[in-house]
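Asks: For reference, the file coords.txt (compact mmCIF, C-alpha atoms and all ligand atoms) is included below:
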```
# COMPACT_ATOMS: atom_id res chain seq x y z
CA MET L 1 72.02 -43.43 45.74
CA ARG L 2 70.53 -41.15 48.35
CA LYS L 3 73.08 -38.86 49.94
CA SER L 4 71.68 -39.34 53.43
CA LYS L 5 72.07 -43.10 53.05
CA GLN L 6 75.78 -42.70 52.35
CA ARG L 7 76.14 -40.31 55.23
CA ASP L 8 74.32 -42.69 57.58
CA ALA L 9 76.66 -45.54 56.59
CA ILE L 10 79.74 -43.36 57.17
CA VAL L 11 78.43 -42.33 60.60
CA ARG L 12 77.62 -45.93 61.49
CA VAL L 13 81.12 -47.14 60.60
CA LEU L 14 82.79 -44.29 62.45
CA MET L 15 80.65 -44.84 65.57
CA SER L 16 81.28 -48.58 65.53
CA THR L 17 85.00 -48.28 66.23
CA LYS L 18 87.23 -46.81 68.90
CA SER L 19 90.28 -46.96 66.65
CA HIS L 20 90.12 -43.30 65.48
CA PRO L 21 90.21 -44.36 61.84
CA THR L 22 91.48 -42.55 58.78
CA ALA L 23 89.11 -41.51 55.97
CA GLU L 24 90.64 -44.27 53.83
CA TRP L 25 89.78 -46.95 56.43
CA ILE L 26 86.19 -45.67 56.70
CA TYR L 27 85.97 -45.69 52.89
CA GLU L 28 87.06 -49.34 52.67
CA GLU L 29 84.55 -50.38 55.34
CA VAL L 30 81.55 -48.52 53.87
CA ARG L 31 82.41 -49.76 50.38
CA LYS L 32 81.71 -53.33 51.53
CA GLU L 33 78.01 -52.42 51.57
CA MET L 34 78.09 -49.55 49.04
CA PRO L 35 80.55 -50.45 46.27
CA ASN L 36 79.83 -47.25 44.33
CA LEU L 37 80.92 -44.97 47.14
CA SER L 38 83.80 -42.62 46.29
CA LEU L 39 86.60 -41.52 48.57
CA GLY L 40 85.67 -37.92 47.78
CA THR L 41 82.19 -38.49 49.20
CA VAL L 42 83.72 -39.82 52.41
CA TYR L 43 86.02 -36.79 52.69
CA ARG L 44 83.14 -34.40 52.00
CA ASN L 45 80.86 -35.99 54.61
CA LEU L 46 83.60 -36.10 57.24
CA ARG L 47 84.36 -32.43 56.64
CA MET L 48 80.67 -31.48 56.96
CA MET L 49 80.24 -33.47 60.17
CA LYS L 50 83.39 -31.94 61.58
CA GLU L 51 82.19 -28.40 60.82
CA LYS L 52 78.89 -29.17 62.55
CA GLY L 53 80.79 -30.43 65.60
CA GLU L 54 79.35 -33.94 65.27
CA ILE L 55 82.75 -35.61 65.06
CA LEU L 56 86.33 -34.69 65.90
CA GLU L 57 89.34 -34.58 63.65
CA LEU L 58 92.47 -35.37 65.61
CA GLU L 59 95.45 -33.06 65.31
CA GLN L 60 97.94 -34.90 63.27
CA THR L 61 101.68 -34.71 62.91
CA GLY L 62 101.77 -37.91 60.85
CA THR L 63 100.60 -38.51 57.31
CA PHE L 64 96.97 -39.52 57.80
CA ARG L 65 94.27 -37.51 59.50
CA ARG L 66 92.20 -39.51 61.93
CA PHE L 67 88.56 -39.08 62.90
CA ASP L 68 86.68 -39.67 66.14
CA GLY L 69 82.94 -40.37 66.38
CA ASN L 70 82.96 -39.12 69.96
CA SER L 71 82.65 -35.34 69.65
CA ALA L 72 82.78 -34.65 73.41
CA ASN L 73 86.13 -33.26 74.54
CA HIS L 74 88.33 -36.08 75.82
CA TYR L 75 92.03 -36.91 75.91
CA HIS L 76 94.08 -39.27 73.79
CA PHE L 77 97.23 -41.33 73.92
CA ARG L 78 99.20 -41.82 70.72
CA CYS L 79 101.69 -44.68 70.55
CA GLU L 80 104.96 -43.52 69.01
CA LYS L 81 105.76 -47.05 67.81
CA CYS L 82 102.55 -48.44 66.27
CA SER L 83 100.79 -45.04 65.80
CA ARG L 84 97.51 -46.26 67.33
CA VAL L 85 95.41 -43.67 69.15
CA PHE L 86 93.59 -44.59 72.37
CA ASP L 87 90.99 -42.76 74.44
CA ILE L 88 92.20 -41.78 77.91
CA ASP L 89 89.48 -42.02 80.51
CA GLU L 90 90.53 -39.07 82.66
CA PRO L 91 88.42 -36.07 83.67
CA LEU L 92 89.23 -32.85 81.81
CA VAL L 93 91.74 -30.61 83.59
CA ALA L 94 89.47 -28.23 85.47
CA GLY L 95 89.85 -24.47 85.14
CA ILE L 96 92.73 -24.50 82.67
CA ASP L 97 90.75 -22.72 79.92
CA GLU L 98 89.85 -19.93 82.35
CA ARG L 99 93.46 -19.66 83.57
CA VAL L 100 94.73 -19.27 80.00
CA GLU L 101 92.03 -16.69 79.25
CA LYS L 102 93.03 -14.73 82.32
CA SER L 103 96.76 -14.80 81.62
CA THR L 104 96.47 -14.01 77.90
CA GLY L 105 93.21 -12.16 77.32
CA PHE L 106 92.41 -14.75 74.64
CA LYS L 107 88.97 -16.33 74.29
CA VAL L 108 89.47 -20.10 74.70
CA SER L 109 86.86 -22.42 73.17
CA HIS L 110 88.41 -25.69 74.39
CA HIS L 111 91.73 -27.45 74.81
CA ARG L 112 93.16 -30.70 73.50
CA LEU L 113 95.59 -32.96 75.25
CA GLU L 114 97.46 -35.84 73.70
CA PHE L 115 99.82 -38.11 75.61
CA ARG L 116 102.69 -39.77 73.76
CA GLY L 117 104.75 -42.86 74.46
CA LEU L 118 104.45 -46.63 74.07
CA CYS L 119 101.13 -48.49 74.30
CA ARG L 120 100.85 -51.67 76.39
CA ASP L 121 101.40 -53.98 73.41
CA CYS L 122 104.52 -52.12 72.33
CA VAL L 123 105.93 -52.06 75.87
CA THR L 124 105.37 -55.83 76.10
CA ALA L 125 106.93 -56.47 72.69
CA ARG L 126 109.98 -54.44 73.65
CA ASN L 127 110.40 -56.30 76.95
CA ASP L 128 110.08 -59.69 75.24
CA SER L 129 112.78 -59.09 72.66
ZN ZN L 201 101.92 -49.30 70.21
MN MN L 202 88.77 -40.45 71.07
```
Show the structure stored in the file as structure tokens.
Ligand code: ZN
Ligand code: MN

Replies:
Amino acid sequence: MRKSKQRDAIVRVLMSTKSHPTAEWIYEEVRKEMPNLSLGTVYRNLRMMKEKGEILELEQTGTFRRFDGNSANHYHFRCEKCSRVFDIDEPLVAGIDERVEKSTGFKVSHHRLEFRGLCRDCVTARNDS
């Protein structure tokens, strides 16, 4: 099997979802059309794409690393109950990188921001019970 064909399928699956999937989820999806695919191949391709800046890997305090096909800097909300990760459609905080550079003398490349709490579904479920 051509390597680029596997890579294309991995990219297609990752771009087709906003769920910030794990490598294992991507593997299961791509395997539906490429049964010979290995999990190692998925990991290797995700790592390469991440190093090229084509995808994001979300910082993770939980067990599974999650990936994002949208490589532009944007913010996330992580539900503390169901662990889903959502995109937050807010403009980036302006000037904060420069402020940190000025106060520390560090060279900032970018910043990440992740909100935590309960998603709409989990708030509703809690209120219903
Ligand atoms: Zn939730
Ligand atoms: Mn995202």

Asks: Please identify every polymer residue within 9 Å of ligand MN 202 (chain L), using only C-alpha atoms and all ligand atoms, and present the set as a PyMOL selection string.

Replies: chain L and resi 18-20+56+58+67-77+85-88

Asks: If the limit is 7 Å from any atom of ligand ZN 201 (chain L), counting all atoms listed in the file, which residues qualify? Return them as a ChimeraX atom specification.

Replies: /L:79-84,118-122

Asks: When you draw a straight line from CA of Leu37 (chain L) to CA of Gly53 (chain L), how long is it in Å?

Replies: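 So the answer is 23.5 Å.
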
Asks: Dig up all the protein and nucleic acid residues within 12 Å of (88.6, -35.6, 52.6) in the file frame, using all atoms listed in the file, and format them as an MDAnalysis selection string.

Replies: chainID L and resid 22:24 26:27 38:50 57 64:67

Asks: Using C-alpha atoms, can you export the residues from the last selection as a compact mmCIF listing (two decimals), in the frame of the given file?

Replies:
```txt
# COMPACT_ATOMS: atom_id res chain seq x y z
CA THR L 22 91.48 -42.55 58.78
CA ALA L 23 89.11 -41.51 55.97
CA GLU L 24 90.64 -44.27 53.83
CA ILE L 26 86.19 -45.67 56.70
CA TYR L 27 85.97 -45.69 52.89
CA SER L 38 83.80 -42.62 46.29
CA LEU L 39 86.60 -41.52 48.57
CA GLY L 40 85.67 -37.92 47.78
CA THR L 41 82.19 -38.49 49.20
CA VAL L 42 83.72 -39.82 52.41
CA TYR L 43 86.02 -36.79 52.69
CA ARG L 44 83.14 -34.40 52.00
CA ASN L 45 80.86 -35.99 54.61
CA LEU L 46 83.60 -36.10 57.24
CA ARG L 47 84.36 -32.43 56.64
CA MET L 48 80.67 -31.48 56.96
CA MET L 49 80.24 -33.47 60.17
CA LYS L 50 83.39 -31.94 61.58
CA GLU L 57 89.34 -34.58 63.65
CA PHE L 64 96.97 -39.52 57.80
CA ARG L 65 94.27 -37.51 59.50
CA ARG L 66 92.20 -39.51 61.93
CA PHE L 67 88.56 -39.08 62.90
```

Asks: If I take CA of Thr17 (chain L) and CA of Glu33 (chain L), how far is one from the other in Å, to one decimal?

Replies: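 These atoms are spaced 16.8 Å apart.
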
Asks: Counting all atoms listed in the file, which residue out of L:Arg116, L:Lys102, L:His111, L:Lys52 sits closest to Arg78 (chain L)?

Replies: L:Arg116

Asks: Rounded to one decimal, what separation in Å do you get between CA of Met34 (chain L) and CA of Ala9 (chain L)?

Replies: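 Calculated distance between CA of Met34 (chain L) and CA of Ala9 (chain L) is 8.7 Å.
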
Asks: Of the candidates L:Arg99, L:Ser16, L:Leu92, L:Val11, which shows the shortest atom-to-atom distance to Ile55 (chain L), using all atoms listed in the file?

Replies: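 Closest to Ile55 (chain L), using all atoms listed in the file: L:Val11.
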